[in-house]
file target.cif (mmCIF, C-alpha atoms)
data_query
loop_
_atom_site.label_atom_id
_atom_site.label_comp_id
_atom_site.auth_asym_id
_atom_site.auth_seq_id
_atom_site.Cartn_x
_atom_site.Cartn_y
_atom_site.Cartn_z
CA MET A 132 133.39 59.22 102.58
CA ARG A 133 133.38 60.58 99.03
CA ARG A 134 129.68 61.49 99.34
CA CYS A 135 130.37 63.28 102.64
CA CYS A 136 133.16 65.34 101.07
CA THR A 137 130.96 66.18 98.11
CA LEU A 138 128.19 67.39 100.40
CA MET A 139 130.65 69.49 102.41
CA LEU A 140 131.94 71.07 99.24
CA ILE A 141 128.41 71.87 98.11
CA ALA A 142 127.68 73.38 101.56
CA LEU A 143 130.81 75.55 101.30
CA VAL A 144 129.64 76.80 97.90
CA PHE A 145 126.22 77.73 99.24
CA LEU A 146 127.45 79.31 102.49
CA PRO A 147 128.44 82.63 100.93
CA LEU A 148 125.18 82.58 99.00
CA THR A 149 123.19 82.55 102.29
CA ALA A 150 125.18 85.56 103.49
CA TYR A 151 124.40 87.24 100.14
CA ALA A 152 120.71 86.32 100.62
CA ASP A 153 120.69 88.00 104.08
CA THR A 154 122.11 91.23 102.72
CA THR A 155 119.87 91.16 99.69
CA ALA A 156 116.72 90.35 101.71
CA GLU A 157 116.65 93.89 103.04
CA THR A 158 117.46 95.29 99.60
CA ASN A 159 114.72 93.12 98.08
CA SER A 160 112.18 94.46 100.57
CA ILE A 161 113.12 98.02 99.64
CA TYR A 162 112.71 97.26 95.95
CA ARG A 163 109.48 95.43 96.72
CA ASN A 164 108.15 98.50 98.52
CA ALA A 165 109.16 100.66 95.57
CA MET A 166 107.38 98.25 93.22
CA TYR A 167 104.23 98.44 95.36
CA LEU A 168 104.44 102.23 95.26
CA TYR A 169 104.70 102.09 91.47
CA LEU A 170 101.63 99.81 91.38
CA ARG A 171 99.73 102.31 93.52
CA ILE A 172 100.67 105.14 91.11
CA ALA A 173 99.61 102.99 88.13
CA GLY A 174 96.38 102.31 89.99
CA VAL A 175 95.74 106.05 90.22
CA ALA A 176 96.04 106.29 86.43
CA TRP A 177 93.63 103.36 85.99
CA ILE A 178 91.10 104.87 88.38
CA GLY A 179 91.32 108.17 86.48
CA LEU A 180 90.52 106.37 83.22
CA GLU A 181 87.62 104.58 84.84
CA TRP A 182 86.11 107.80 86.16
CA ILE A 183 86.45 109.37 82.70
CA ALA A 184 84.61 106.37 81.21
CA ALA A 185 81.88 106.65 83.87
CA PHE A 186 81.48 110.38 83.16
CA ILE A 187 81.24 109.73 79.39
CA LEU A 188 78.56 107.09 80.01
CA TRP A 189 76.62 109.52 82.21
CA ARG A 190 76.73 112.19 79.48
CA ALA A 191 75.64 109.56 76.94
CA TYR A 192 72.64 108.67 79.12
CA LYS A 193 71.62 112.32 79.44
CA ARG A 194 71.82 112.85 75.66
CA LEU A 195 69.87 109.67 74.92
CA ARG A 196 67.22 110.61 77.47
CA ASP A 197 66.81 114.09 75.98
CA ALA A 198 66.71 112.71 72.44
CA ALA A 199 64.16 110.07 73.39
CA LYS A 200 61.77 112.49 75.14
CA GLU A 201 59.74 113.04 71.97
CA LEU A 202 59.45 109.37 71.19
CA PRO A 203 56.49 107.35 72.38
CA THR A 204 57.45 104.37 74.50
CA ASP A 205 56.06 101.05 73.28
CA ALA A 206 54.61 100.12 76.64
CA MET B 237 117.70 106.49 89.62
CA HIS B 238 118.86 103.80 92.04
CA ASP B 239 118.86 106.30 94.94
CA LEU B 240 115.37 107.42 93.97
CA ILE B 241 114.05 103.85 93.98
CA VAL B 242 115.73 103.13 97.32
CA SER B 243 114.34 106.29 98.91
CA MET B 244 110.85 105.46 97.59
CA GLY B 245 111.16 101.91 98.91
CA ASN B 246 112.28 103.12 102.33
CA ALA B 247 109.45 105.64 102.58
CA PHE B 248 106.61 103.41 101.38
CA THR B 249 106.04 100.84 104.13
CA PRO B 250 103.62 97.88 104.02
CA GLU B 251 101.28 99.76 106.38
CA GLN B 252 101.13 102.72 104.03
CA TYR B 253 100.62 100.33 101.15
CA LEU B 254 97.53 98.86 102.86
CA PHE B 255 96.17 102.31 103.68
CA TRP B 256 96.46 103.56 100.09
CA THR B 257 95.13 100.22 98.78
CA ARG B 258 91.91 100.80 100.74
CA ILE B 259 91.60 104.35 99.39
CA GLN B 260 92.12 103.16 95.81
CA CYS B 261 89.65 100.30 96.22
CA ILE B 262 86.98 102.75 97.32
CA ALA B 263 87.82 105.11 94.44
CA TRP B 264 87.61 102.50 91.71
CA THR B 265 84.58 100.78 93.22
CA ALA B 266 82.77 104.15 93.27
CA ALA B 267 83.69 104.57 89.59
CA ASP B 268 82.38 101.05 88.92
CA LEU B 269 79.09 101.80 90.67
CA PHE B 270 78.59 105.08 88.80
CA LEU B 271 79.50 103.45 85.49
CA LEU B 272 77.17 100.49 86.04
CA ALA B 273 74.30 102.67 87.23
CA ASN B 274 74.44 104.67 84.01
CA LEU B 275 74.78 101.51 81.91
CA ILE B 276 71.64 100.07 83.52
CA ARG B 277 69.80 103.37 83.00
CA ILE B 278 70.79 103.41 79.31
CA ALA B 279 69.71 99.79 78.92
CA ASN B 280 66.36 100.46 80.59
CA LEU B 281 65.80 103.56 78.47
CA CYS B 282 66.40 101.55 75.30
CA ARG B 283 64.19 98.72 76.54
CA ARG B 284 61.37 101.18 77.33
CA LEU B 285 61.57 102.56 73.81
CA ASN B 286 61.37 99.06 72.38
CA GLY B 287 58.56 97.93 74.66
CA THR B 288 60.73 95.42 76.53
CA ARG B 289 60.63 94.87 80.27
CA ASN B 290 63.15 96.89 82.29
CA HIS B 291 66.10 95.38 84.15
CA LEU B 292 65.30 95.09 87.84
CA PHE B 293 67.59 92.33 89.06
CA SER B 294 70.60 94.31 87.79
CA TRP B 295 69.77 97.08 90.27
CA VAL B 296 69.51 94.49 93.04
CA VAL B 297 72.97 93.10 92.22
CA LEU B 298 74.42 96.61 92.16
CA ILE B 299 72.88 97.62 95.50
CA VAL B 300 73.90 94.35 97.18
CA SER B 301 77.56 94.97 96.24
CA VAL B 302 77.65 98.39 97.97
CA PRO B 303 78.03 97.10 101.60
CA PHE B 304 81.02 94.96 100.59
CA ALA B 305 82.64 98.03 99.05
CA ILE B 306 82.16 99.93 102.33
CA LEU B 307 83.59 97.01 104.34
CA VAL B 308 86.88 97.41 102.45
CA LEU B 309 87.57 100.49 104.61
CA LEU B 310 87.42 98.32 107.73
CA ALA B 311 89.35 95.32 106.35
CA PRO B 312 92.30 94.55 108.65
CA THR B 313 94.61 92.77 106.20
CA GLY B 314 95.51 92.83 102.54
CA ALA B 315 93.99 89.38 102.06
CA SER B 316 90.62 90.51 103.42
CA VAL B 317 90.74 93.59 101.17
CA PHE B 318 91.38 91.31 98.21
CA LEU B 319 88.49 88.96 99.11
CA LEU B 320 86.06 91.83 99.63
CA GLU B 321 87.08 93.38 96.33
CA LEU B 322 86.47 90.01 94.64
CA LEU B 323 82.93 90.05 96.06
CA VAL B 324 82.45 93.47 94.47
CA THR B 325 84.31 93.34 91.16
CA VAL B 326 83.28 89.85 90.01
CA PRO B 327 79.51 90.61 90.16
CA HIS B 328 80.17 93.99 88.54
CA PHE B 329 82.11 92.44 85.69
CA LEU B 330 79.46 89.75 85.16
CA LEU B 331 76.77 92.42 85.26
CA ILE B 332 78.50 94.44 82.53
CA LEU B 333 78.76 91.31 80.37
CA TYR B 334 75.10 90.45 81.01
CA LEU B 335 73.89 93.96 80.16
CA LEU B 336 75.86 94.03 76.93
CA VAL B 337 74.71 90.57 75.85
CA ALA B 338 71.07 90.98 76.95
CA ASN B 339 70.74 94.28 75.12
CA VAL B 340 72.69 93.48 71.97
CA HIS B 341 69.48 94.01 69.94
CA GLU B 342 67.86 96.61 72.18
CA PHE B 343 70.61 99.24 71.86
CA PRO B 344 70.68 99.41 68.03
CA ALA B 345 66.86 99.24 67.77
CA ALA B 346 66.41 102.13 70.20
CA LEU B 347 69.18 104.12 68.52
CA ARG B 348 67.50 103.60 65.12
CA LYS B 349 64.22 104.96 66.53
CA ILE B 350 65.96 107.99 68.03
CA LEU B 351 67.90 108.74 64.84
CA ALA B 352 64.78 108.30 62.70
CA GLN B 353 63.00 111.11 64.50
CA GLN B 354 65.94 113.49 64.29
CA PRO B 355 65.50 116.22 61.62
CA THR B 356 67.68 115.52 58.57
CA PRO B 357 70.12 118.31 57.67
CA GLU B 358 69.30 120.03 54.39
#

call {"tool": "encode", "arguments": {"input": "target.cif", "output": "structure tokens"}}
result
Amino acid sequence: MRRCCTLMLIALVFLPLTAYADTTAETNSIYRNAMYLYLRIAGVAWIGLEWIAAFILWRAYKRLRDAAKELPTDA
Amino acid sequence: MHDLIVSMGNAFTPEQYLFWTRIQCIAWTAADLFLLANLIRIANLCRRLNGTRNHLFSWVVLIVSVPFAILVLLAPTGASVFLLELLVTVPHFLLILYLLVANVHEFPAALRKILAQQPTPE
């Protein structure tokens, strides 16, 4: 009997929390979408950095190739 | 600020998220391919100057990863996009590591040769 009352009390405590969870589920999905949008924007910055690095490496190759034209290759 | 976040969250749906994910995957994979191609060319240039055999298998790994990158555009779900990107980015990352480790002596030796033939400023 005591255990049953304890469980009922615990259920009563958690009941409003489930209602809170329902209302926050939609809010959480909105914040989740906003977080994903932020990640996409951060991804744009990362991609920009990567393209800059690729361009620098391409210029480095061109300079090395031009500088090495006079050198004999040890084939 | 709260209203801005809520409006952003309402406008950016999971479908839009997947669409822009595909676009970004293609963009950064293209940057990866361009970066790796030039890294392999630099490595082969240095190896030629030092009389060492060129990298060939590296080109094979790079070319084999291209179809997976194209398949990302057709991937139906986020999970398939993630798996396809794994098939592209993991070999690319390992290839960068391999090229740096395999040419740890080739790069400085070739650079020394190039700098030695440069005219010294008076």

call {"tool": "interface_residues", "arguments": {"input": "target.cif", "of": "chain A", "to": "chain B", "cutoff": "10 Å", "atoms": "only C-alpha atoms", "output": "NGL selection string"}}
result
:A and (158-172 or 174-175 or 177-193 or 195-196 or 198-206)

call {"tool": "closest_residue", "arguments": {"input": "target.cif", "among": "B:Asp239, B:Glu321, B:Ser294, B:Phe255", "to": "Ala338 of chain B", "atoms": "all atoms listed in the file"}}
result
B:Ser294

call {"tool": "atom_distance", "arguments": {"input": "target.cif", "atom1": "atom CA of Gly314 of chain B", "atom2": "atom CA of Val300 of chain B"}}
result
22.3 Å

call {"tool": "atom_distance", "arguments": {"input": "target.cif", "atom1": "atom CA of Ala176 of chain A", "atom2": "atom CA of Ile262 of chain B"}}
result
14.6 Å

call {"tool": "atom_distance", "arguments": {"input": "target.cif", "atom1": "atom CA of Val326 of chain B", "atom2": "atom CA of Pro344 of chain B"}}
result
27.1 Å

call {"tool": "decode", "arguments": {"input": "target.cif", "residues": "segment 252-301 of chain B", "atoms": "C-alpha atoms", "output": "CSV table (one decimal), in the first residue's frame"}}
result
chain,number,residue,atom,x,y,z
B,252,GLN,CA,16.3,22.3,-46.6
B,253,TYR,CA,19.0,21.1,-44.2
B,254,LEU,CA,19.6,18.0,-46.4
B,255,PHE,CA,19.6,20.0,-49.6
B,256,TRP,CA,22.2,22.5,-48.3
B,257,THR,CA,24.2,19.6,-46.8
B,258,ARG,CA,24.6,18.0,-50.2
B,259,ILE,CA,25.7,21.3,-51.8
B,260,GLN,CA,28.3,21.8,-49.0
B,261,CYS,CA,29.5,18.3,-49.3
B,262,ILE,CA,30.2,18.8,-53.0
B,263,ALA,CA,31.9,22.2,-52.4
B,264,TRP,CA,34.3,20.9,-49.8
B,265,THR,CA,34.9,17.6,-51.6
B,266,ALA,CA,35.9,19.7,-54.7
B,267,ALA,CA,38.2,21.7,-52.6
B,268,ASP,CA,39.7,18.4,-51.2
B,269,LEU,CA,40.2,17.1,-54.7
B,270,PHE,CA,41.9,20.3,-55.9
B,271,LEU,CA,44.1,20.5,-52.8
B,272,LEU,CA,45.1,16.8,-53.1
B,273,ALA,CA,45.8,17.0,-56.8
B,274,ASN,CA,48.2,19.9,-56.2
B,275,LEU,CA,49.8,18.1,-53.3
B,276,ILE,CA,50.5,15.0,-55.4
B,277,ARG,CA,51.9,17.2,-58.2
B,278,ILE,CA,54.2,19.0,-55.8
B,279,ALA,CA,55.3,15.6,-54.3
B,280,ASN,CA,56.0,14.2,-57.8
B,281,LEU,CA,57.9,17.3,-58.9
B,282,CYS,CA,60.1,17.0,-55.8
B,283,ARG,CA,60.6,13.3,-56.4
B,284,ARG,CA,61.5,13.9,-60.0
B,285,LEU,CA,64.2,16.4,-59.0
B,286,ASN,CA,65.6,13.9,-56.5
B,287,GLY,CA,65.5,10.9,-58.9
B,288,THR,CA,62.8,9.1,-56.9
B,289,ARG,CA,59.9,7.2,-58.5
B,290,ASN,CA,56.7,9.3,-58.9
B,291,HIS,CA,53.5,8.6,-56.9
B,292,LEU,CA,51.0,6.7,-59.1
B,293,PHE,CA,48.8,4.9,-56.6
B,294,SER,CA,47.9,8.3,-55.0
B,295,TRP,CA,46.3,9.4,-58.3
B,296,VAL,CA,44.4,6.1,-58.4
B,297,VAL,CA,43.0,6.7,-54.9
B,298,LEU,CA,42.0,10.3,-55.8
B,299,ILE,CA,40.3,9.3,-59.0
B,300,VAL,CA,38.4,6.4,-57.3
B,301,SER,CA,37.0,8.7,-54.7
